[in-house]
Amino acid sequence: MKKFSALFQVIAEQAIFTLSFFCTQALLARYLSVAGFASFSAVYSAVILLNIIHGCTVMEPLLVFSKSDHGISKPLLMQLHAPLALASIPVTIYLVAHIPNAPPHFVLALVFALTGFIVYWTVRSIAILENKSLKSALPALAQFAGVCLAITLIPKDSPYQLNEVLIFLGLPLLLASALISRGTPPKTGQVSGASPESPPWLSFGLNNTFSQILVWAMTHGLVIFYMSRQQADLAANFRVVMTLVLPAQYLNIAISNYQLPKLSRLAEERSPQFSAMARTFILVTLGLSLLYSLLLWMAGGSLVGMLFGAKYAGLNMRDYILFPFIFAAIQGGRTVLKALRLTHYASWAVAVGFLFFLLAFSLNGRGSINSVLIPTVFGLGAAAVIMFYQIKKSLKAIYL
């Protein structure tokens with residue numbers, strides 16, 4: 001029952017987070033103009049980048065090392081968020097420089113929103129450390145409530161519309177995160193007796209971050225790329241595509257967060273059960289994503305207009321049915337390599353895939369949303385194939 005409760009909490013919290021993310025995008029796509037939604041999408045792509053940095057340098061090392069001999073304590077967890085806060089500065093500068101016709105005081109609203117997300121991720125990490133994932137669902141729900149209030153209260157012709165939307169996102173996250181963090185002061189000392197001077201999770205986190213930033217560049221980063229080229233319609237359309245293909249990926253992330261500590265422990269013990277569990281995990285995530293791809297094939301066309309509005313009804317989601325499956329392959333391969341503490345293999349696999357992406361992207365036109373289809377599939381597909389080859393070779397070396 002205890003294991004079932006932990007699994008339920010992880011999946012339920014991730015489901016609430018995913019639903020909040022999805023509804024936020026859908027409501028704002030309907031409420032904002034194409035140009036306004038494109039500007040918001042660029043901001044949210046930057047938020048996703050910071051979330052990736054947080055996940056790779058804080059949350060995932062936490063899952064792998066916190067219950068081993070190289071423990072991560074709450075004070076150390078708090079210290080690890082300092083680089084994340086600093087990372088928001090160049091992101092803010094870049095966005096302000098590249099979003100056309102940015103409204104006055106946009107930078108202040110953006111910093112406020114980013115602060116809300118960073119505080120939320122801190123609270124979420126501590127909840128995972130305490131095996132109380134479900135309590136961190138409150139900020140995600142508060143974010144969605146803030147969006148609903150923004151749509152209700154902000155006039156569509158407001159000259160400060162984007163500023164106000166960002167504030168309505170950031171403030172509920174800050175307040176809800178502060179509320180659930182009250183009464184849980186950080187414990188002192190390490191989880192174990194390990195010294196932090198030469199932390200084994202540092203190399204793990206750096207390699208993990210490098211690979212995921214390249215994956216971001218081949219997906220969410222394209223929204224900012226299109227905005228920098230003054231192509232707001234392409235930026236908005238690609239955000240709609242990504243929003244609709246990602247739910248299966250977020251479910252797979254929840255399963256990964258649950259399985260990663262177990263896989264890491266089995267790998268550290270060189271247990272023969274590791275191979276079977278890793279294989280089952282990959283098959284489950286690929287199977288779930290395949291089912292979601294079939295859903296997009298059958299109903300994706302009608303879902304776009306129904307959920308995001310008539311402005312985006314022309315998008316053909318059948319062109320993107322491979323995305324969920326490829327994302328699952330990347331997620332599954334990276335999770336197994338993280339459990340084996342071979343994140344450097346994931347780094348160079350994604351780096352090679354990124355070169356394939358750049359080559360295909362340079363050979364395709366950039367005038368339509370479909371121009372990203374082949375490069376992204378080509379790059380991520382190559383990275384996934386290399387990862388699975390490295391996993392197969394590593395398992396033979398370790399367990400045979």
# chains A, B, ... in the order shown; residues from 1 in each chain; ligands from 1

$ residues_around --residues "range 357-364 of chain A" --least-positions-apart "3" --cutoff "12 Å" --atoms "only C-alpha atoms" --output "list in words"
Leu214, Val215, Ala217, Met218, Thr219, Leu222, Val350, Ala351, Val352, Gly353, Phe354, Gly367, Ser368, Ile369, Asn370, Ser371, Val372, Leu373, Ile374, Pro375, Thr376, Val377, Phe378, Gly379, Leu380, Gly381, Ala382 and Ala383 of chain A

$ residues_around --residues "Thr57 in chain A" --least-positions-apart "2" --cutoff "7 Å" --atoms "only C-alpha atoms" --output "CSV table (one decimal) with N, CA, C and O atoms, in the first residue's frame"
chain,number,residue,atom,x,y,z
A,53,ILE,N,16.6,23.2,-16.6
A,53,ILE,CA,17.8,23.4,-15.9
A,53,ILE,C,17.6,22.9,-14.4
A,53,ILE,O,18.4,22.3,-13.8
A,54,HIS,N,16.4,23.3,-13.9
A,54,HIS,CA,16.1,22.9,-12.5
A,54,HIS,C,16.0,21.4,-12.4
A,54,HIS,O,16.6,20.8,-11.5
A,55,GLY,N,15.2,20.8,-13.3
A,55,GLY,CA,15.0,19.3,-13.2
A,55,GLY,C,16.3,18.6,-13.3
A,55,GLY,O,16.5,17.6,-12.6
A,59,MET,N,16.3,18.3,-9.4
A,59,MET,CA,15.3,17.3,-9.1
A,59,MET,C,15.8,15.9,-9.4
A,59,MET,O,15.6,15.0,-8.6
A,60,GLU,N,16.4,15.7,-10.6
A,60,GLU,CA,16.8,14.4,-11.0
A,60,GLU,C,18.0,13.9,-10.2
A,60,GLU,O,18.0,12.7,-9.8
A,61,PRO,N,19.0,14.7,-9.9
A,61,PRO,CA,20.0,14.2,-9.0
A,61,PRO,C,19.4,13.9,-7.6
A,61,PRO,O,19.9,13.0,-7.0
A,205,GLY,N,24.6,16.0,-13.1
A,205,GLY,CA,23.7,17.2,-13.4
A,205,GLY,C,24.2,18.0,-14.6
A,205,GLY,O,23.3,18.4,-15.4
A,206,LEU,N,25.5,18.2,-14.8
A,206,LEU,CA,26.0,19.0,-15.9
A,206,LEU,C,25.7,18.3,-17.2
A,206,LEU,O,25.3,18.9,-18.2
A,209,THR,N,22.0,18.3,-17.9
A,209,THR,CA,21.5,19.6,-18.3
A,209,THR,C,21.9,19.8,-19.8
A,209,THR,O,21.1,20.3,-20.6

$ closest_residue --among "A:His220, A:Lys311, A:Arg270, A:Lys262" --to "Leu49 in chain A" --atoms "only C-alpha atoms"
A:His220

$ residues_around --residues "Ile255 in chain A" --least-positions-apart "6" --cutoff "10 Å" --atoms "only C-alpha atoms" --output "PDB file with N, CA, C and O atoms, in the first residue's frame"
ATOM      1  N   LEU A   7       3.270   5.896  -5.726  1.00  0.00           N
ATOM      2  CA  LEU A   7       3.040   5.952  -7.171  1.00  0.00           C
ATOM      3  C   LEU A   7       1.842   6.837  -7.487  1.00  0.00           C
ATOM      4  O   LEU A   7       1.886   7.656  -8.413  1.00  0.00           O
ATOM      5  N   VAL A  10       2.777  10.578  -7.101  1.00  0.00           N
ATOM      6  CA  VAL A  10       3.626  11.080  -8.188  1.00  0.00           C
ATOM      7  C   VAL A  10       2.814  11.279  -9.449  1.00  0.00           C
ATOM      8  O   VAL A  10       2.896  12.327 -10.112  1.00  0.00           O
ATOM      9  N   ILE A  11       2.015  10.273  -9.826  1.00  0.00           N
ATOM     10  CA  ILE A  11       1.247  10.364 -11.062  1.00  0.00           C
ATOM     11  C   ILE A  11       0.134  11.405 -10.943  1.00  0.00           C
ATOM     12  O   ILE A  11      -0.111  12.181 -11.877  1.00  0.00           O
ATOM     13  N   GLN A  14       1.691  14.901 -11.153  1.00  0.00           N
ATOM     14  CA  GLN A  14       2.103  15.194 -12.521  1.00  0.00           C
ATOM     15  C   GLN A  14       0.881  15.407 -13.415  1.00  0.00           C
ATOM     16  O   GLN A  14       0.902  16.260 -14.308  1.00  0.00           O
ATOM     17  N   GLN A 249       3.937  12.716 -22.892  1.00  0.00           N
ATOM     18  CA  GLN A 249       5.293  12.885 -22.386  1.00  0.00           C
ATOM     19  C   GLN A 249       5.290  13.202 -20.895  1.00  0.00           C
ATOM     20  O   GLN A 249       6.122  12.689 -20.140  1.00  0.00           O
ATOM     21  N   PHE A 281       9.972  -0.702 -18.248  1.00  0.00           N
ATOM     22  CA  PHE A 281       9.743   0.744 -18.185  1.00  0.00           C
ATOM     23  C   PHE A 281       9.720   1.352 -19.586  1.00  0.00           C
ATOM     24  O   PHE A 281       8.821   2.129 -19.928  1.00  0.00           O
ATOM     25  N   VAL A 284       6.559   0.267 -21.515  1.00  0.00           N
ATOM     26  CA  VAL A 284       5.347   0.930 -21.025  1.00  0.00           C
ATOM     27  C   VAL A 284       5.264   2.355 -21.552  1.00  0.00           C
ATOM     28  O   VAL A 284       4.212   2.797 -22.047  1.00  0.00           O
ATOM     29  N   THR A 285       6.370   3.103 -21.464  1.00  0.00           N
ATOM     30  CA  THR A 285       6.345   4.491 -21.921  1.00  0.00           C
ATOM     31  C   THR A 285       6.141   4.580 -23.434  1.00  0.00           C
ATOM     32  O   THR A 285       5.388   5.437 -23.914  1.00  0.00           O
ATOM     33  N   GLY A 332      12.732   7.554 -22.141  1.00  0.00           N
ATOM     34  CA  GLY A 332      13.083   6.236 -21.635  1.00  0.00           C
ATOM     35  C   GLY A 332      14.580   5.986 -21.673  1.00  0.00           C
ATOM     36  O   GLY A 332      15.167   5.485 -20.699  1.00  0.00           O
TER      37      GLY A 332
END

$ residues_around --residues "Leu294 in chain A" --least-positions-apart "4" --cutoff "8 Å" --atoms "only C-alpha atoms" --output "PyMOL selection string"
chain A and resi 290+298+321

$ closest_residue --among "A:Ala142, A:Leu86, A:Ile16, A:Val304" --to "Asn237 in chain A" --atoms "only C-alpha atoms"
A:Val304

$ select_by_dssp --residues "range 119-327 of chain A" --states "alpha helix (DSSP H)" --output "VMD selection string"
chain A and resid 119 to 129 137 to 153 161 to 181 200 to 217 221 to 228 232 to 245 247 to 268 273 to 308 322 to 327

$ residues_around --residues "Leu179 in chain A" --least-positions-apart "6" --cutoff "12 Å" --atoms "only C-alpha atoms" --output "list in words"
Val119, Tyr120, Val123, Lys135, Ser136, Leu138, Pro139, Ala142, Pro172 and Leu173 of chain A

$ write_last_selection --atoms "N, CA, C and O atoms" --output "PDB file, in the first residue's frame"
ATOM      1  N   VAL A 119      10.243  29.509  -7.326  1.00  0.00           N
ATOM      2  CA  VAL A 119       9.811  29.156  -5.969  1.00  0.00           C
ATOM      3  C   VAL A 119       8.970  27.879  -5.995  1.00  0.00           C
ATOM      4  O   VAL A 119       9.113  26.990  -5.143  1.00  0.00           O
ATOM      5  N   TYR A 120       8.110  27.767  -6.986  1.00  0.00           N
ATOM      6  CA  TYR A 120       7.279  26.558  -7.110  1.00  0.00           C
ATOM      7  C   TYR A 120       8.134  25.324  -7.294  1.00  0.00           C
ATOM      8  O   TYR A 120       7.900  24.288  -6.675  1.00  0.00           O
ATOM      9  N   VAL A 123       9.683  24.251  -3.995  1.00  0.00           N
ATOM     10  CA  VAL A 123       8.700  23.562  -3.150  1.00  0.00           C
ATOM     11  C   VAL A 123       8.435  22.160  -3.682  1.00  0.00           C
ATOM     12  O   VAL A 123       8.315  21.192  -2.910  1.00  0.00           O
ATOM     13  N   LYS A 135       1.153  17.277  -2.397  1.00  0.00           N
ATOM     14  CA  LYS A 135       0.882  18.595  -1.824  1.00  0.00           C
ATOM     15  C   LYS A 135       1.401  19.720  -2.719  1.00  0.00           C
ATOM     16  O   LYS A 135       0.931  20.858  -2.618  1.00  0.00           O
ATOM     17  N   SER A 136       2.330  19.412  -3.629  1.00  0.00           N
ATOM     18  CA  SER A 136       2.832  20.452  -4.528  1.00  0.00           C
ATOM     19  C   SER A 136       1.918  20.667  -5.726  1.00  0.00           C
ATOM     20  O   SER A 136       2.248  21.445  -6.624  1.00  0.00           O
ATOM     21  N   LEU A 138      -0.958  22.085  -5.406  1.00  0.00           N
ATOM     22  CA  LEU A 138      -1.698  23.313  -5.134  1.00  0.00           C
ATOM     23  C   LEU A 138      -1.201  24.499  -5.968  1.00  0.00           C
ATOM     24  O   LEU A 138      -2.016  25.239  -6.539  1.00  0.00           O
ATOM     25  N   PRO A 139       0.119  24.741  -6.068  1.00  0.00           N
ATOM     26  CA  PRO A 139       0.552  25.866  -6.907  1.00  0.00           C
ATOM     27  C   PRO A 139       0.143  25.730  -8.372  1.00  0.00           C
ATOM     28  O   PRO A 139      -0.197  26.732  -9.013  1.00  0.00           O
ATOM     29  N   ALA A 142      -3.314  26.758  -8.562  1.00  0.00           N
ATOM     30  CA  ALA A 142      -3.390  28.209  -8.368  1.00  0.00           C
ATOM     31  C   ALA A 142      -3.009  28.952  -9.642  1.00  0.00           C
ATOM     32  O   ALA A 142      -3.590  29.991  -9.970  1.00  0.00           O
ATOM     33  N   PRO A 172      -0.182  33.848  -8.063  1.00  0.00           N
ATOM     34  CA  PRO A 172      -0.734  32.634  -7.429  1.00  0.00           C
ATOM     35  C   PRO A 172       0.321  31.572  -7.147  1.00  0.00           C
ATOM     36  O   PRO A 172       0.249  30.882  -6.114  1.00  0.00           O
ATOM     37  N   LEU A 173       1.312  31.452  -8.039  1.00  0.00           N
ATOM     38  CA  LEU A 173       2.371  30.483  -7.783  1.00  0.00           C
ATOM     39  C   LEU A 173       3.148  30.839  -6.525  1.00  0.00           C
ATOM     40  O   LEU A 173       3.458  29.971  -5.698  1.00  0.00           O
TER      41      LEU A 173
END
